[in-house]
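Below is coords-v9.txt, which holds compact mmCIF, C-alpha atoms and all ligand atoms.
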```txt
# COMPACT_ATOMS: atom_id res chain seq x y z
CA MET T 41 -13.47 16.07 10.75
CA ASN T 42 -12.79 12.38 10.17
CA GLU T 43 -11.67 10.07 12.95
CA HIS T 44 -7.98 10.34 11.96
CA ALA T 45 -7.81 14.05 11.24
CA GLN T 46 -5.27 16.02 13.24
CA PRO T 47 -6.22 19.07 15.27
CA ALA T 48 -4.74 22.29 13.86
CA GLY T 49 -1.19 22.93 14.98
CA VAL T 50 -0.39 19.27 15.67
CA ASP T 51 2.36 17.69 13.58
CA ALA T 52 0.57 15.38 11.16
CA THR T 53 3.66 13.44 10.14
CA VAL T 54 2.83 9.74 9.99
CA PHE T 55 6.20 8.36 8.83
CA ALA T 56 9.61 10.00 8.91
CA LEU T 57 12.75 8.40 7.49
CA HIS T 58 16.14 9.99 7.63
CA GLY T 59 19.12 8.33 5.96
CA VAL T 60 17.56 4.89 6.34
CA ASP T 61 19.40 1.76 5.19
CA VAL T 62 17.67 -1.61 5.05
CA ARG T 63 19.73 -4.70 4.34
CA LEU T 64 18.21 -7.97 3.24
CA GLY T 65 20.99 -10.52 3.51
CA ARG T 66 23.79 -9.02 1.46
CA VAL T 67 21.51 -6.72 -0.50
CA ALA T 68 21.26 -3.00 0.31
CA ALA T 69 17.52 -2.84 -0.35
CA LEU T 70 17.20 0.78 0.87
CA GLN T 71 20.14 3.17 0.98
CA GLY T 72 20.06 6.52 2.75
CA ALA T 73 16.32 6.90 2.22
CA THR T 74 14.98 10.21 3.50
CA LEU T 75 11.32 11.12 3.26
CA SER T 76 8.41 12.02 5.42
CA ILE T 77 4.75 11.25 4.84
CA ALA T 78 1.96 13.35 6.31
CA ALA T 79 -1.53 12.22 7.28
CA GLY T 80 -3.87 12.16 4.29
CA GLU T 81 -1.18 12.01 1.61
CA ARG T 82 -1.49 9.55 -1.28
CA VAL T 83 2.04 8.52 -2.11
CA ALA T 84 2.96 6.35 -5.12
CA LEU T 85 6.23 4.42 -5.01
CA ILE T 86 7.60 3.78 -8.47
CA GLY T 87 10.83 2.37 -9.87
CA ALA T 88 12.19 -0.65 -11.70
CA ASN T 89 12.01 -4.22 -10.35
CA GLY T 90 14.21 -4.53 -7.30
CA SER T 91 14.41 -0.77 -6.65
CA GLY T 92 13.12 -1.12 -3.08
CA LYS T 93 9.38 -0.36 -3.24
CA THR T 94 8.26 -3.49 -1.39
CA THR T 95 11.06 -3.07 1.12
CA LEU T 96 9.94 0.47 1.89
CA LEU T 97 6.33 -0.67 2.37
CA ARG T 98 7.53 -3.50 4.62
CA LEU T 99 9.58 -1.04 6.67
CA LEU T 100 6.53 1.24 7.12
CA HIS T 101 4.50 -1.79 8.20
CA GLY T 102 7.13 -2.78 10.76
CA LEU T 103 8.06 -6.01 8.99
CA VAL T 104 11.76 -5.30 8.41
CA PRO T 105 14.25 -3.49 10.65
CA HIS T 106 16.49 -0.67 9.47
CA ALA T 107 20.24 -1.04 9.80
CA ALA T 108 21.11 2.68 9.82
CA GLY T 109 19.46 6.09 9.96
CA SER T 110 16.29 6.96 11.82
CA PHE T 111 12.73 5.80 11.22
CA THR T 112 9.73 6.96 13.21
CA SER T 113 6.11 5.96 12.76
CA ALA T 114 3.09 7.59 14.35
CA ALA T 115 0.90 4.74 13.08
CA PRO T 116 1.59 1.41 14.73
CA ARG T 117 0.80 -1.71 12.72
CA ARG T 118 -2.65 -2.11 14.28
CA GLN T 119 -3.60 1.23 12.67
CA GLN T 120 -2.43 0.02 9.28
CA ALA T 121 -3.71 -2.39 6.65
CA MET T 122 -1.40 -3.82 3.99
CA LEU T 123 -2.48 -5.40 0.71
CA PHE T 124 -0.25 -7.48 -1.49
CA GLN T 125 -0.19 -8.15 -5.23
CA ARG T 126 -1.67 -11.58 -4.62
CA PRO T 127 -3.82 -11.54 -1.50
CA HIS T 128 -3.49 -14.33 1.03
CA MET T 129 -6.80 -16.18 1.33
CA LEU T 130 -7.54 -18.93 3.80
CA ARG T 131 -9.41 -22.03 2.65
CA ALA T 132 -12.60 -20.75 4.25
CA SER T 133 -15.61 -18.65 3.33
CA VAL T 134 -15.25 -15.04 2.23
CA THR T 135 -16.96 -13.89 5.45
CA VAL T 136 -14.57 -15.89 7.61
CA ASN T 137 -11.60 -14.42 5.73
CA VAL T 138 -12.77 -10.90 6.58
CA ALA T 139 -13.93 -11.72 10.12
CA LEU T 140 -10.64 -13.35 11.01
CA ALA T 141 -8.74 -10.10 10.48
CA LEU T 142 -11.05 -8.41 12.99
CA TRP T 143 -10.86 -11.31 15.45
CA LEU T 144 -7.07 -11.14 15.30
CA ARG T 145 -7.32 -7.50 16.35
CA GLY T 146 -9.29 -8.48 19.43
CA MET T 147 -12.93 -8.39 18.32
CA ARG T 148 -15.25 -11.15 19.52
CA TRP T 149 -15.92 -13.75 16.85
CA ARG T 150 -19.66 -13.11 16.64
CA ASP T 151 -19.10 -9.34 16.32
CA ALA T 152 -16.34 -9.90 13.76
CA ARG T 153 -18.65 -11.99 11.56
CA ARG T 154 -21.33 -9.34 11.84
CA ALA T 155 -18.89 -6.52 10.95
CA ALA T 156 -17.67 -8.45 7.89
CA ILE T 157 -21.05 -8.11 6.14
CA PRO T 158 -21.10 -4.31 5.56
CA ALA T 159 -17.41 -4.43 4.59
CA LEU T 160 -18.23 -7.02 1.91
CA ALA T 161 -21.17 -4.93 0.77
CA ARG T 162 -18.84 -1.96 0.25
CA VAL T 163 -16.84 -3.95 -2.28
CA GLY T 164 -19.94 -5.47 -3.88
CA LEU T 165 -19.30 -9.02 -2.67
CA GLU T 166 -22.20 -9.62 -0.31
CA ASP T 167 -23.59 -12.28 -2.68
CA LEU T 168 -20.36 -14.28 -2.47
CA ALA T 169 -20.09 -14.11 1.33
CA GLU T 170 -20.42 -17.87 1.85
CA ARG T 171 -18.22 -18.93 -1.07
CA ASN T 172 -14.76 -20.42 -0.51
CA ALA T 173 -12.39 -17.45 -0.85
CA ARG T 174 -9.73 -19.59 -2.54
CA ALA T 175 -12.18 -20.37 -5.35
CA LEU T 176 -12.68 -16.70 -6.29
CA SER T 177 -11.04 -14.93 -9.22
CA GLY T 178 -7.98 -12.74 -8.66
CA GLY T 179 -10.07 -9.57 -8.89
CA GLN T 180 -12.65 -10.92 -6.46
CA GLN T 181 -9.92 -11.99 -4.02
CA GLN T 182 -8.39 -8.53 -4.17
CA ARG T 183 -11.82 -7.11 -3.33
CA VAL T 184 -12.04 -9.45 -0.33
CA ALA T 185 -8.63 -8.15 0.74
CA LEU T 186 -9.93 -4.59 0.43
CA ALA T 187 -13.03 -5.49 2.46
CA ARG T 188 -10.71 -6.95 5.09
CA ALA T 189 -8.71 -3.73 5.12
CA TRP T 190 -11.85 -1.59 5.19
CA ALA T 191 -13.28 -3.46 8.14
CA LEU T 192 -10.19 -2.61 10.18
CA HIS T 193 -10.74 1.17 9.73
CA PRO T 194 -7.00 1.72 9.29
CA ALA T 195 -5.44 5.18 9.45
CA VAL T 196 -2.89 4.01 6.88
CA LEU T 197 -3.34 1.83 3.79
CA LEU T 198 -0.21 0.22 2.35
CA LEU T 199 -0.68 -1.43 -1.05
CA ASP T 200 1.97 -3.40 -2.92
CA GLU T 201 1.03 -3.46 -6.62
CA PRO T 202 -2.56 -4.31 -5.71
CA THR T 203 -3.84 -4.52 -9.29
CA ALA T 204 -0.77 -5.95 -11.01
CA SER T 205 -2.17 -9.42 -11.59
CA LEU T 206 -5.67 -8.34 -12.66
CA ASP T 207 -7.25 -8.02 -16.09
CA PRO T 208 -8.05 -4.48 -17.29
CA THR T 209 -11.69 -4.52 -16.14
CA ALA T 210 -10.91 -5.88 -12.68
CA LYS T 211 -7.99 -3.46 -12.49
CA ARG T 212 -10.25 -0.44 -12.96
CA GLU T 213 -12.88 -1.79 -10.56
CA VAL T 214 -10.36 -2.47 -7.81
CA GLU T 215 -8.69 0.88 -8.46
CA THR T 216 -12.02 2.66 -7.95
CA LEU T 217 -12.48 0.83 -4.66
CA ILE T 218 -8.95 1.77 -3.60
CA ALA T 219 -9.74 5.43 -4.29
CA GLU T 220 -12.85 5.14 -2.10
CA ALA T 221 -11.01 3.22 0.63
CA ALA T 222 -8.21 5.81 0.67
CA ALA T 223 -10.52 8.75 1.35
CA GLY T 224 -9.61 10.32 4.68
CA ARG T 225 -6.65 7.96 5.12
CA THR T 226 -2.96 7.97 4.36
CA LEU T 227 -2.24 5.85 1.28
CA VAL T 228 1.17 4.53 0.23
CA PHE T 229 1.20 2.23 -2.78
CA ALA T 230 3.69 0.67 -5.17
CA SER T 231 2.70 0.55 -8.81
CA HIS T 232 4.16 -0.06 -12.26
CA ASN T 233 1.09 1.51 -13.83
CA LEU T 234 1.77 5.20 -14.41
CA GLY T 235 -1.85 5.87 -15.39
CA GLN T 236 -2.90 4.50 -12.05
CA VAL T 237 -0.26 6.63 -10.32
CA LYS T 238 -1.73 9.74 -11.96
CA ARG T 239 -5.24 8.74 -10.95
CA LEU T 240 -4.56 7.77 -7.34
CA ALA T 241 -1.49 9.63 -6.09
CA SER T 242 -0.94 13.14 -4.80
CA ARG T 243 2.81 12.60 -4.69
CA VAL T 244 5.36 10.34 -6.40
CA VAL T 245 8.50 8.85 -4.89
CA TYR T 246 10.87 7.39 -7.48
CA LEU T 247 13.34 4.76 -6.22
CA GLU T 248 16.42 3.39 -7.91
CA HIS T 249 18.71 0.79 -6.33
CA GLY T 250 17.18 1.53 -2.94
CA ARG T 251 17.72 5.29 -3.19
CA VAL T 252 15.06 8.01 -3.37
CA LEU T 253 15.95 9.86 -6.57
CA ALA T 254 12.82 11.98 -6.90
CA ASP T 255 10.04 12.94 -4.49
CA LEU T 256 7.55 15.34 -6.05
CA PRO T 257 3.87 16.30 -6.19
CA VAL T 258 2.25 14.17 -8.89
CA HIS T 259 1.78 17.06 -11.32
CA ASP T 260 5.42 18.13 -11.04
CA PHE T 261 6.62 14.55 -11.47
CA PHE T 262 4.82 14.13 -14.79
CA HIS T 263 5.16 17.66 -16.11
CA GLY T 264 8.24 19.20 -14.56
CA PRO T 265 11.96 18.53 -14.97
CA LEU T 266 13.18 15.26 -13.46
CA PRO T 267 16.56 13.78 -12.58
CA GLU T 268 17.82 12.02 -15.73
CA GLU T 269 17.35 8.46 -14.35
CA ALA T 270 13.73 9.16 -13.43
CA ARG T 271 13.05 10.82 -16.79
CA LEU T 272 14.38 7.79 -18.66
CA PHE T 273 12.34 5.45 -16.45
CA VAL T 274 9.11 7.32 -17.14
CA LYS T 275 9.91 7.49 -20.87
CA GLY T 276 10.60 3.74 -20.91
CA GLU T 277 7.42 2.87 -19.01
CA LEU T 278 5.30 4.98 -21.34
CA ALA T 279 6.96 3.62 -24.51
N1 LIG B 1 14.22 -11.75 1.17
C1 LIG B 1 15.19 -11.13 0.50
N2 LIG B 1 16.49 -11.48 0.70
C2 LIG B 1 17.48 -10.85 0.05
N3 LIG B 1 17.27 -9.85 -0.84
C3 LIG B 1 16.01 -9.50 -1.08
C4 LIG B 1 14.90 -10.10 -0.43
N4 LIG B 1 13.76 -9.52 -0.87
C5 LIG B 1 14.15 -8.59 -1.77
N5 LIG B 1 15.48 -8.57 -1.90
C6 LIG B 1 16.27 -7.66 -2.75
O1 LIG B 1 16.11 -6.35 -2.26
C7 LIG B 1 16.06 -5.41 -3.34
C8 LIG B 1 14.78 -4.61 -3.26
O2 LIG B 1 13.68 -5.51 -3.51
P1 LIG B 1 12.16 -5.03 -3.46
O3 LIG B 1 11.33 -6.28 -3.46
O4 LIG B 1 12.00 -4.07 -2.35
O5 LIG B 1 12.01 -4.26 -4.85
P2 LIG B 1 10.70 -3.77 -5.62
O6 LIG B 1 11.00 -2.39 -6.08
O7 LIG B 1 9.50 -3.98 -4.78
O8 LIG B 1 10.67 -4.75 -6.87
P3 LIG B 1 9.44 -5.30 -7.77
O9 LIG B 1 9.02 -4.17 -8.66
O10 LIG B 1 10.08 -6.40 -8.56
O11 LIG B 1 8.36 -5.78 -6.84
C9 LIG B 1 16.22 -6.24 -4.61
O12 LIG B 1 17.56 -6.21 -5.00
C10 LIG B 1 15.79 -7.64 -4.17
O13 LIG B 1 16.45 -8.61 -4.97
```
In C-alpha cells, what does this structure look like?
Ligand SMILES: Nc1ncnc2c1ncn2[C@@H]1O[C@H](COP(=O)(O)OP(=O)(O)OP(=O)(O)O)[C@@H](O)[C@H]1O
Amino acid sequence: MNEHAQPAGVDATVFALHGVDVRLGRVAALQGATLSIAAGERVALIGANGSGKTTLLRLLHGLVPHAAGSFTSAAPRRQQAMLFQRPHMLRASVTVNVALALWLRGMRWRDARRAAIPALARVGLEDLAERNARALSGGQQQRVALARAWALHPAVLLLDEPTASLDPTAKREVETLIAEAAAGRTLVFASHNLGQVKRLASRVVYLEHGRVLADLPVHDFFHGPLPEEARLFVKGELA
C-alpha cells in the first residue's frame, strides 16, 4: 500500500464540488460545476480556451474562492503540487530551485539541498544541477518543475497544460515523466492534446463556458456517445 492509499471502507474522495460558481471580476469562470474526484484518479480537463480549466485547477489548489455551491477538499495545499504551462524559475541554480520548494514547506536548508539531488536524478537532470535554471530550455525547466513537485511527495498533482509550450520530443519526454510522477497519486491536468489525454487520463471532464458538459471514463469519452457540444469539440480538435 502506498503512503496515500486509503484503508478499505474509508471514503477516498479527494475533491467534491457541488453546484460551484467561481467569478473572476465580471466573468462567470465556473458555473454550477459538480464533480467529485477520488484518490488515485487521473482526470483530464479539456475544453476550448476560456472554458474554465485553469480556474478549476486554481480552485482545487485553494487559489480562488467559490462564490456559490459547496467545495470540499481532503488534500490541503501542502499535500498538492501544481505545475504551470511555463514554470516559474528563480534566477538561481537548478538545485536551489528545487530545494527552495522544500525549504518553504519547513525543511532545513541543508536537508532540502540534499533532498533535491535524487529528485533531479529522477528527471535526468543531475548533470545540470549547478546551472542557472533560467538559462535552461523550456523542456528542461519543465523537468525541474517536475523534480520540484516530486521532491514534495504530494498526494495530488495539478498540471495546467504542462507540455503545451514544448517541442514534440520534449513533450513526449515530459509526458513520460508525468506518467511516472502520477503513479500512486491523484492527477488532475488540463490539456489541449487529445493524444496525451488518452495516454495519461483515466477520466475526462469536458468544460464549456465554465460548465461541466461531460464527465466520463476515458474510453467512453472517446468511443461512446457524447453531448453534441463535446462531440463537435473533439471532432474539431482532431481535424
Ligand atoms: N484574472 C481574471 N480576471 C477576469 N477574468 C478572468 C481571469 N482569468 C481568467 N478569466 C476568464 O475566466 C474564464 C475562464 O478562464 P480559464 O483561464 O479558466 O480558461 P481555460 O479553459 O484555462 O483557458 P485556456 O485554454 O485558454 O488556458 C475566461 O472567460 C477568462 O477570460
Got a sec: who's within 9 Å of range 197-213 of chain T, counting all atoms listed in the file, leaving out chain neighbours fewer than 4 positions off, as a PyMOL selection string?
chain T and resi 93-94+97-98+100-101+119-127+178-180+182+189+217-218+221-222+225-233+236
So that I have them on file, write out the residues from the current selection with C-alpha atoms, as a CSV table (one decimal), keeping the file's coordinate frame.
```csv
chain,number,residue,atom,x,y,z
T,93,LYS,CA,9.4,-0.4,-3.2
T,94,THR,CA,8.3,-3.5,-1.4
T,97,LEU,CA,6.3,-0.7,2.4
T,98,ARG,CA,7.5,-3.5,4.6
T,100,LEU,CA,6.5,1.2,7.1
T,101,HIS,CA,4.5,-1.8,8.2
T,119,GLN,CA,-3.6,1.2,12.7
T,120,GLN,CA,-2.4,0.0,9.3
T,121,ALA,CA,-3.7,-2.4,6.6
T,122,MET,CA,-1.4,-3.8,4.0
T,123,LEU,CA,-2.5,-5.4,0.7
T,124,PHE,CA,-0.2,-7.5,-1.5
T,125,GLN,CA,-0.2,-8.2,-5.2
T,126,ARG,CA,-1.7,-11.6,-4.6
T,127,PRO,CA,-3.8,-11.5,-1.5
T,178,GLY,CA,-8.0,-12.7,-8.7
T,179,GLY,CA,-10.1,-9.6,-8.9
T,180,GLN,CA,-12.6,-10.9,-6.5
T,182,GLN,CA,-8.4,-8.5,-4.2
T,189,ALA,CA,-8.7,-3.7,5.1
T,217,LEU,CA,-12.5,0.8,-4.7
T,218,ILE,CA,-9.0,1.8,-3.6
T,221,ALA,CA,-11.0,3.2,0.6
T,222,ALA,CA,-8.2,5.8,0.7
T,225,ARG,CA,-6.6,8.0,5.1
T,226,THR,CA,-3.0,8.0,4.4
T,227,LEU,CA,-2.2,5.8,1.3
T,228,VAL,CA,1.2,4.5,0.2
T,229,PHE,CA,1.2,2.2,-2.8
T,230,ALA,CA,3.7,0.7,-5.2
T,231,SER,CA,2.7,0.6,-8.8
T,232,HIS,CA,4.2,-0.1,-12.3
T,233,ASN,CA,1.1,1.5,-13.8
T,236,GLN,CA,-2.9,4.5,-12.0
```
Per residue of chain T within 6 Å of ligand LIG 1 (chain B), what are the shortest atom pair and its distance in Å to one decimal, counting all atoms listed in the file, with rows by chain and residue number, as a Markdown table?
```
| residue | atom | partner | partner_atom | distance |
| --- | --- | --- | --- | --- |
| T:Leu64 | CA | B:LIG1 | C2 | 4.4 |
| T:Gly65 | CA | B:LIG1 | C2 | 4.9 |
| T:Val67 | CA | B:LIG1 | N3 | 5.3 |
| T:Ala69 | CA | B:LIG1 | C7 | 4.2 |
| T:Ala88 | CA | B:LIG1 | O9 | 5.6 |
| T:Asn89 | CA | B:LIG1 | O10 | 3.4 |
| T:Gly90 | CA | B:LIG1 | O5 | 3.3 |
| T:Ser91 | CA | B:LIG1 | O6 | 3.8 |
| T:Gly92 | CA | B:LIG1 | O4 | 3.2 |
| T:Lys93 | CA | B:LIG1 | O6 | 3.8 |
| T:Thr94 | CA | B:LIG1 | O7 | 3.6 |
| T:Thr95 | CA | B:LIG1 | O4 | 3.7 |
```
Up to 7 Å from (15.0, 5.2, 5.4) in the file's coordinates: name the residues, counting all atoms listed in the file, as a list in words.
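The residues that fall inside the cut-off are Leu57, His58, Gly59, Val60, Asp61, Leu70, Gly72, Ala73, Thr74, Gly109, Ser110 and Phe111 of chain T.
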Residues within 9 Å of Glu277 in chain T, please, as an NGL selection string. Count only C-alpha atoms; anything in the same chain fewer than 2 positions from it doesn't count.
:T and (232-234 or 272-275 or 279)
For Thr53 in chain T, which residue out of T:Leu144, T:Leu103, T:Ile86, T:Val196 is the nearest one, using all atoms listed in the file?
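Nearest candidate to Thr53 in chain T out of T:Leu144, T:Leu103, T:Ile86, T:Val196: T:Val196.
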